[in-house]
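Trainee: The structure under discussion is supplied below as structure tokens; questions concerning it will follow.
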Amino acid sequence: RKEVEQDPGPFNVPEGATVAFNCTYSNSASQSFFWYRQDCRKEPKLLMSVYSSGNEDGRFTAQLNRASQYISLLIRDSKLSDSATYLCVAPPGGGGADGLTFGKGTHLIIQP
Amino acid sequence: DTEVTQTPKHLVMGMTNKKSLKCEQHMGHRAMYWYKQKAKKPPELMFVYSYEKLSINESVPSRFSPECPNSSLLNLHLHALQPEDSALYLCASSYHRAGANVLTFGAGSRLTVL
């Protein structure tokens, strides 16, 4: 089983709608989780960190479900500029300079 | 502007050439990384340096040779590459928080091997 699994999409969503997608992880020892956003031909950038049950930042909400081992990302009132690939990371935990393994990413397209 | 600087932004090289990719950060991060990214794929980890020592090598072919001259610099030396090595090479550095490493990426070096 892969460490992190995501639905690659694409998710085609009208502007202004709410969209959510999940990321499942296999290592139950993972304590911290991250969503990165990557625009086409750009580098990934940290979008949100999740250290406990969830995190909210403006239109974005990340939630953690430890029992089912997944994190979700909810985007409200979606904007055209939200179109990007959203990458999930679930570090194995335990500290150290672990290289982060990314999920395949979910491709989101916001349509006017 | 990204706080991790990579040069060159673009590189075209032949299979017999020797070239290097460079990465620099001044955030005081003590871990630095090389990732390789092909089109429509996620970044794949290549190497991790922690306190200037190589800590992870993800079975990368020896035609890729990393070097960490000091805590701010990370190089990737390239020699006898193959066309399938064409990709975006991303450098990152990280700080540690809540048991995990939070990455900051550079803009990448886009490599084409002819």
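Starting from 1 in every chain, residues are counted up; chains themselves are A, B, ... following the order of the structure tokens, and ligands are numbered from 1 as listed.
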Would you mind listing what lies within 10 Å of His26 of chain B as an mmCIF file with N, CA, C and O atoms, in the first residue's frame, with only C-alpha atoms counted and same-chain residues fewer than 2 positions away left out?
Mentor:
data_model
loop_
_atom_site.group_PDB
_atom_site.id
_atom_site.type_symbol
_atom_site.label_atom_id
_atom_site.label_comp_id
_atom_site.auth_asym_id
_atom_site.auth_seq_id
_atom_site.Cartn_x
_atom_site.Cartn_y
_atom_site.Cartn_z
ATOM 1 N N GLU B 3 12.604 31.792 -1.060
ATOM 2 C CA GLU B 3 13.770 31.968 -0.213
ATOM 3 C C GLU B 3 14.823 30.910 -0.472
ATOM 4 O O GLU B 3 15.869 30.908 0.159
ATOM 5 N N VAL B 4 14.528 29.981 -1.338
ATOM 6 C CA VAL B 4 15.495 28.983 -1.778
ATOM 7 C C VAL B 4 15.782 29.292 -3.245
ATOM 8 O O VAL B 4 14.869 29.318 -4.062
ATOM 9 N N THR B 5 17.030 29.554 -3.543
ATOM 10 C CA THR B 5 17.418 29.997 -4.881
ATOM 11 C C THR B 5 18.117 28.879 -5.624
ATOM 12 O O THR B 5 19.085 28.302 -5.110
ATOM 13 N N GLU B 24 20.743 27.391 -2.949
ATOM 14 C CA GLU B 24 21.225 28.177 -1.824
ATOM 15 C C GLU B 24 20.048 28.638 -0.975
ATOM 16 O O GLU B 24 19.008 29.036 -1.511
ATOM 17 N N GLY B 28 18.767 29.449 7.600
ATOM 18 C CA GLY B 28 19.293 28.718 8.744
ATOM 19 C C GLY B 28 18.772 27.292 8.851
ATOM 20 O O GLY B 28 18.961 26.638 9.873
ATOM 21 N N HIS B 29 18.102 26.821 7.795
ATOM 22 C CA HIS B 29 17.617 25.442 7.812
ATOM 23 C C HIS B 29 18.800 24.487 7.743
ATOM 24 O O HIS B 29 19.755 24.701 6.996
ATOM 25 N N SER B 71 26.279 24.680 5.129
ATOM 26 C CA SER B 71 24.875 24.563 5.550
ATOM 27 C C SER B 71 23.921 25.356 4.670
ATOM 28 O O SER B 71 22.717 25.166 4.755
ATOM 29 N N SER B 72 24.460 26.246 3.836
ATOM 30 C CA SER B 72 23.592 27.072 2.987
ATOM 31 C C SER B 72 23.537 26.611 1.540
ATOM 32 O O SER B 72 22.698 27.091 0.781
ATOM 33 N N LEU B 73 24.436 25.738 1.158
ATOM 34 C CA LEU B 73 24.585 25.375 -0.249
ATOM 35 C C LEU B 73 24.373 23.885 -0.479
ATOM 36 O O LEU B 73 24.783 23.051 0.343
ATOM 37 N N SER B 93 14.615 23.159 1.431
ATOM 38 C CA SER B 93 15.189 23.114 2.767
ATOM 39 C C SER B 93 14.036 23.030 3.744
ATOM 40 O O SER B 93 12.874 23.257 3.376
#
Trainee: List the neighbours of segment 80-86 of chain B out to 12 Å using only C-alpha atoms; skip same-chain residues closer than 4 positions along the sequence, and give me the result as a PyMOL selection string.
Mentor: chain B and resi 10-20+36-39+60-65+109-114
Trainee: Please report as a tab-separated table every residue of chain A lying within 10 Å of chain B, along with the nearest atom pair and their distance in Å (one decimal), using only C-alpha atoms.
Mentor:
residue	atom	partner	partner_atom	distance
A:Pro8	CA	B:Lys40	CA	9.8
A:Ser30	CA	B:Ala100	CA	8.9
A:Gln31	CA	B:Gly99	CA	7.1
A:Ser32	CA	B:Ala100	CA	6.2
A:Phe33	CA	B:Ala100	CA	8.3
A:Phe34	CA	B:Val102	CA	8.3
A:Tyr36	CA	B:Leu103	CA	9.5
A:Gln38	CA	B:Pro42	CA	9.6
A:Cys40	CA	B:Lys40	CA	9.3
A:Arg41	CA	B:Leu88	CA	8.7
A:Lys42	CA	B:Ala107	CA	6.3
A:Glu43	CA	B:Ala107	CA	5.2
A:Pro44	CA	B:Phe105	CA	6.5
A:Lys45	CA	B:Thr104	CA	6.9
A:Leu46	CA	B:Thr104	CA	7.4
A:Ser49	CA	B:Val102	CA	8.7
A:Val50	CA	B:Ala98	CA	10.0
A:Tyr51	CA	B:Ala98	CA	7.3
A:Thr85	CA	B:Lys40	CA	9.4
A:Tyr86	CA	B:Pro42	CA	9.9
A:Leu87	CA	B:Pro42	CA	7.6
A:Cys88	CA	B:Pro42	CA	9.9
A:Ala90	CA	B:Ala100	CA	9.0
A:Pro91	CA	B:Ala100	CA	6.4
A:Pro92	CA	B:Ala100	CA	8.2
A:Gly93	CA	B:Gly99	CA	6.0
A:Gly94	CA	B:Gly99	CA	6.3
A:Gly95	CA	B:Gly99	CA	5.1
A:Gly96	CA	B:Ala100	CA	8.0
A:Ala97	CA	B:Ser50	CA	6.0
A:Asp98	CA	B:Asn101	CA	7.2
A:Gly99	CA	B:Val48	CA	6.3
A:Leu100	CA	B:Leu45	CA	7.2
A:Thr101	CA	B:Leu45	CA	6.9
A:Phe102	CA	B:Pro42	CA	6.3
A:Gly103	CA	B:Pro42	CA	6.7
A:Lys104	CA	B:Pro42	CA	5.1
A:Gly105	CA	B:Pro42	CA	6.6
A:His107	CA	B:Lys40	CA	9.4
Trainee: Would you save the residues of that selection, restricted to N, CA, C and O atoms, as a short mmCIF file (atom, residue, chain, number, x, y, z; two decimals), in the first residue's frame?
Mentor:
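The resulting file, out.cif, is shown below:
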data_model
loop_
_atom_site.label_atom_id
_atom_site.label_comp_id
_atom_site.auth_asym_id
_atom_site.auth_seq_id
_atom_site.Cartn_x
_atom_site.Cartn_y
_atom_site.Cartn_z
N PRO A 8 -6.52 11.59 -8.28
CA PRO A 8 -5.82 12.56 -9.13
C PRO A 8 -6.74 13.55 -9.83
O PRO A 8 -6.27 14.59 -10.31
N SER A 30 2.06 8.65 11.84
CA SER A 30 2.15 10.04 11.36
C SER A 30 1.40 10.96 12.32
O SER A 30 0.28 10.66 12.73
N GLN A 31 2.05 12.09 12.66
CA GLN A 31 1.47 13.02 13.61
C GLN A 31 1.11 14.35 12.97
O GLN A 31 0.24 15.05 13.47
N SER A 32 1.84 14.70 11.92
CA SER A 32 1.64 15.99 11.27
C SER A 32 1.37 15.73 9.80
O SER A 32 1.89 14.78 9.23
N PHE A 33 0.56 16.61 9.23
CA PHE A 33 0.16 16.43 7.84
C PHE A 33 0.18 17.78 7.14
O PHE A 33 0.02 18.83 7.78
N PHE A 34 0.40 17.73 5.85
CA PHE A 34 0.54 18.98 5.11
C PHE A 34 -0.19 18.90 3.78
O PHE A 34 -0.21 17.85 3.13
N TYR A 36 0.23 20.85 0.19
CA TYR A 36 1.00 21.77 -0.63
C TYR A 36 0.19 22.05 -1.89
O TYR A 36 -0.52 21.19 -2.40
N GLN A 38 0.59 23.26 -5.92
CA GLN A 38 1.55 23.44 -7.00
C GLN A 38 0.84 23.94 -8.23
O GLN A 38 -0.03 23.25 -8.78
N CYS A 40 0.95 25.14 -12.26
CA CYS A 40 1.58 24.55 -13.43
C CYS A 40 2.98 25.13 -13.65
O CYS A 40 3.17 26.36 -13.69
N ARG A 41 3.99 24.26 -13.73
CA ARG A 41 5.36 24.64 -14.00
C ARG A 41 5.98 25.51 -12.90
O ARG A 41 6.94 26.25 -13.14
N LYS A 42 5.41 25.41 -11.71
CA LYS A 42 5.96 26.12 -10.55
C LYS A 42 6.32 25.11 -9.47
O LYS A 42 6.01 23.93 -9.57
N GLU A 43 6.98 25.60 -8.42
CA GLU A 43 7.33 24.72 -7.32
C GLU A 43 6.16 24.55 -6.36
O GLU A 43 5.29 25.42 -6.26
N PRO A 44 6.13 23.45 -5.61
CA PRO A 44 5.11 23.29 -4.57
C PRO A 44 5.30 24.34 -3.48
O PRO A 44 6.43 24.67 -3.10
N LYS A 45 4.18 24.82 -2.96
CA LYS A 45 4.22 25.77 -1.84
C LYS A 45 3.30 25.28 -0.74
O LYS A 45 2.20 24.80 -1.01
N LEU A 46 3.75 25.43 0.50
CA LEU A 46 2.95 24.98 1.63
C LEU A 46 1.65 25.77 1.69
O LEU A 46 1.65 27.00 1.70
N SER A 49 -0.91 23.29 7.26
CA SER A 49 -0.40 22.23 8.12
C SER A 49 -1.54 21.74 9.01
O SER A 49 -2.42 22.53 9.38
N VAL A 50 -1.53 20.48 9.33
CA VAL A 50 -2.55 19.92 10.22
C VAL A 50 -1.85 19.12 11.30
O VAL A 50 -1.19 18.12 11.01
N TYR A 51 -1.96 19.59 12.54
CA TYR A 51 -1.26 18.92 13.64
C TYR A 51 -2.21 18.23 14.61
O TYR A 51 -1.81 17.37 15.35
N THR A 85 -2.65 21.97 -8.61
CA THR A 85 -2.58 20.60 -8.11
C THR A 85 -2.31 20.66 -6.62
O THR A 85 -1.42 21.40 -6.17
N TYR A 86 -3.08 19.91 -5.85
CA TYR A 86 -2.95 19.93 -4.39
C TYR A 86 -2.32 18.61 -3.95
O TYR A 86 -2.85 17.53 -4.19
N LEU A 87 -1.15 18.73 -3.32
CA LEU A 87 -0.35 17.58 -2.93
C LEU A 87 -0.45 17.36 -1.43
O LEU A 87 -0.31 18.29 -0.64
N CYS A 88 -0.66 16.13 -1.06
CA CYS A 88 -0.78 15.76 0.34
C CYS A 88 0.51 15.11 0.81
O CYS A 88 1.16 14.36 0.05
N ALA A 90 2.17 13.09 4.33
CA ALA A 90 2.00 12.53 5.68
C ALA A 90 3.34 11.98 6.13
O ALA A 90 3.66 10.82 5.90
N PRO A 91 4.16 12.80 6.77
CA PRO A 91 5.48 12.34 7.22
C PRO A 91 5.35 11.16 8.17
O PRO A 91 4.40 11.10 8.95
N PRO A 92 6.31 10.26 8.17
CA PRO A 92 6.21 9.06 9.00
C PRO A 92 6.32 9.31 10.48
O PRO A 92 5.95 8.47 11.29
N GLY A 93 6.81 10.48 10.88
CA GLY A 93 6.94 10.76 12.30
C GLY A 93 8.26 10.25 12.84
O GLY A 93 8.98 9.51 12.18
N GLY A 94 8.56 10.66 14.05
CA GLY A 94 9.78 10.19 14.70
C GLY A 94 10.93 11.16 14.58
O GLY A 94 12.01 10.90 15.09
N GLY A 95 10.70 12.29 13.93
CA GLY A 95 11.77 13.27 13.83
C GLY A 95 12.82 12.87 12.82
O GLY A 95 12.66 11.93 12.05
N GLY A 96 13.91 13.58 12.81
CA GLY A 96 14.96 13.31 11.84
C GLY A 96 14.67 13.98 10.52
O GLY A 96 13.55 14.44 10.28
N ALA A 97 15.65 14.03 9.69
CA ALA A 97 15.46 14.69 8.39
C ALA A 97 14.87 13.70 7.41
O ALA A 97 15.52 13.28 6.46
N ASP A 98 13.63 13.33 7.64
CA ASP A 98 12.98 12.42 6.71
C ASP A 98 12.66 13.15 5.43
O ASP A 98 12.17 14.27 5.44
N GLY A 99 12.91 12.49 4.32
CA GLY A 99 12.45 13.05 3.06
C GLY A 99 10.96 12.85 2.96
O GLY A 99 10.46 11.77 3.22
N LEU A 100 10.26 13.87 2.62
CA LEU A 100 8.82 13.77 2.54
C LEU A 100 8.40 13.11 1.24
O LEU A 100 8.91 13.43 0.18
N THR A 101 7.45 12.18 1.36
CA THR A 101 6.90 11.52 0.19
C THR A 101 5.55 12.14 -0.10
O THR A 101 4.68 12.19 0.76
N PHE A 102 5.38 12.59 -1.32
CA PHE A 102 4.15 13.26 -1.71
C PHE A 102 3.15 12.28 -2.30
O PHE A 102 3.54 11.31 -2.96
N GLY A 103 1.88 12.56 -2.09
CA GLY A 103 0.85 11.88 -2.84
C GLY A 103 0.91 12.32 -4.29
O GLY A 103 1.64 13.27 -4.65
N LYS A 104 0.16 11.65 -5.14
CA LYS A 104 0.19 11.96 -6.57
C LYS A 104 -0.42 13.31 -6.89
O LYS A 104 -0.21 13.85 -7.96
N GLY A 105 -1.18 13.83 -5.93
CA GLY A 105 -1.77 15.14 -6.14
C GLY A 105 -3.16 15.05 -6.73
O GLY A 105 -3.49 14.11 -7.46
N HIS A 107 -5.72 17.27 -9.06
CA HIS A 107 -5.75 18.39 -9.98
C HIS A 107 -7.12 19.05 -9.92
O HIS A 107 -8.15 18.40 -10.17
#
Trainee: Using only C-alpha atoms, which of the listed residues (A:Ile109, A:Tyr25, A:Phe60, A:Val89) sits closest to Asp77 of chain A?
Mentor: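 The answer is A:Phe60, which sits nearest to Asp77 of chain A.
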Trainee: If you run DSSP on this backbone, which residues of segment 17-111 of chain A come out as strand (DSSP E), and could you give them as a PyMOL selection string?
Mentor: chain A and resi 19-25+33-38+45-50+54-57+60-65+70-75+84-89+106-111
Trainee: Provide the atom CA of Ala17 of chain A to atom CA of Arg76 of chain A distance in Å, to one decimal place.
Mentor: 6.5 Å
Trainee: Find the residues near Arg66 of chain A: any atom within 8 Å, counting only C-alpha atoms, skip ones fewer than 3 places away on the same chain, and give them as a list of chain:residue names.
Mentor: A:Ser28, A:Gln69, A:Tyr70
Trainee: Using N, CA and C atoms, can you export the residues from the last selection as an mmCIF file, in the first residue's frame?
Mentor:
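Result file out08.cif:
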data_model
loop_
_atom_site.group_PDB
_atom_site.id
_atom_site.type_symbol
_atom_site.label_atom_id
_atom_site.label_comp_id
_atom_site.auth_asym_id
_atom_site.auth_seq_id
_atom_site.Cartn_x
_atom_site.Cartn_y
_atom_site.Cartn_z
ATOM 1 N N SER A 28 0.136 4.846 10.620
ATOM 2 C CA SER A 28 -0.645 5.339 11.756
ATOM 3 C C SER A 28 0.198 6.162 12.721
ATOM 4 N N GLN A 69 -7.812 7.367 9.054
ATOM 5 C CA GLN A 69 -6.509 7.696 8.464
ATOM 6 C C GLN A 69 -6.649 8.441 7.146
ATOM 7 N N TYR A 70 -7.318 9.584 7.216
ATOM 8 C CA TYR A 70 -7.317 10.464 6.053
ATOM 9 C C TYR A 70 -7.366 11.910 6.514
#
Trainee: What's the 6 Å shell around Leu74 of chain A, counting only C-alpha atoms, without same-chain residues fewer than 4 positions away, as a list in words?
Mentor: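 With the cut-off at 6 Å, the set is Val19, Ala20, Phe60 and Thr61 of chain A.
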Trainee: What's the separation between atom CA of Pro14 of chain A and atom CA of Leu64 of chain A, in Å to one decimal place?
Mentor: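 Atom CA of Pro14 of chain A sits 25.8 Å away from atom CA of Leu64 of chain A.
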Trainee: Just want the 7 Å neighbourhood of Ser78 of chain A, counted on only C-alpha atoms, with same-chain residues fewer than 2 positions away dropped. Output as an MDAnalysis selection string.
Mentor: chainID A and resid 15:18 75:76 80 82
Trainee: Output C-alpha atoms for every residue in that selection, as a PDB file, in the first residue's frame.
Mentor:
ATOM      1  CA  GLU A  15     -16.373  29.304  -9.628  1.00  0.00           C
ATOM      2  CA  GLY A  16     -17.943  30.035  -6.279  1.00  0.00           C
ATOM      3  CA  ALA A  17     -18.656  26.421  -5.452  1.00  0.00           C
ATOM      4  CA  THR A  18     -17.329  24.442  -2.514  1.00  0.00           C
ATOM      5  CA  ILE A  75     -12.209  25.046  -0.330  1.00  0.00           C
ATOM      6  CA  ARG A  76     -15.185  27.372  -0.008  1.00  0.00           C
ATOM      7  CA  LEU A  80     -10.285  30.824 -10.589  1.00  0.00           C
ATOM      8  CA  ASP A  82      -7.486  28.138  -6.859  1.00  0.00           C
TER       9      ASP A  82
END
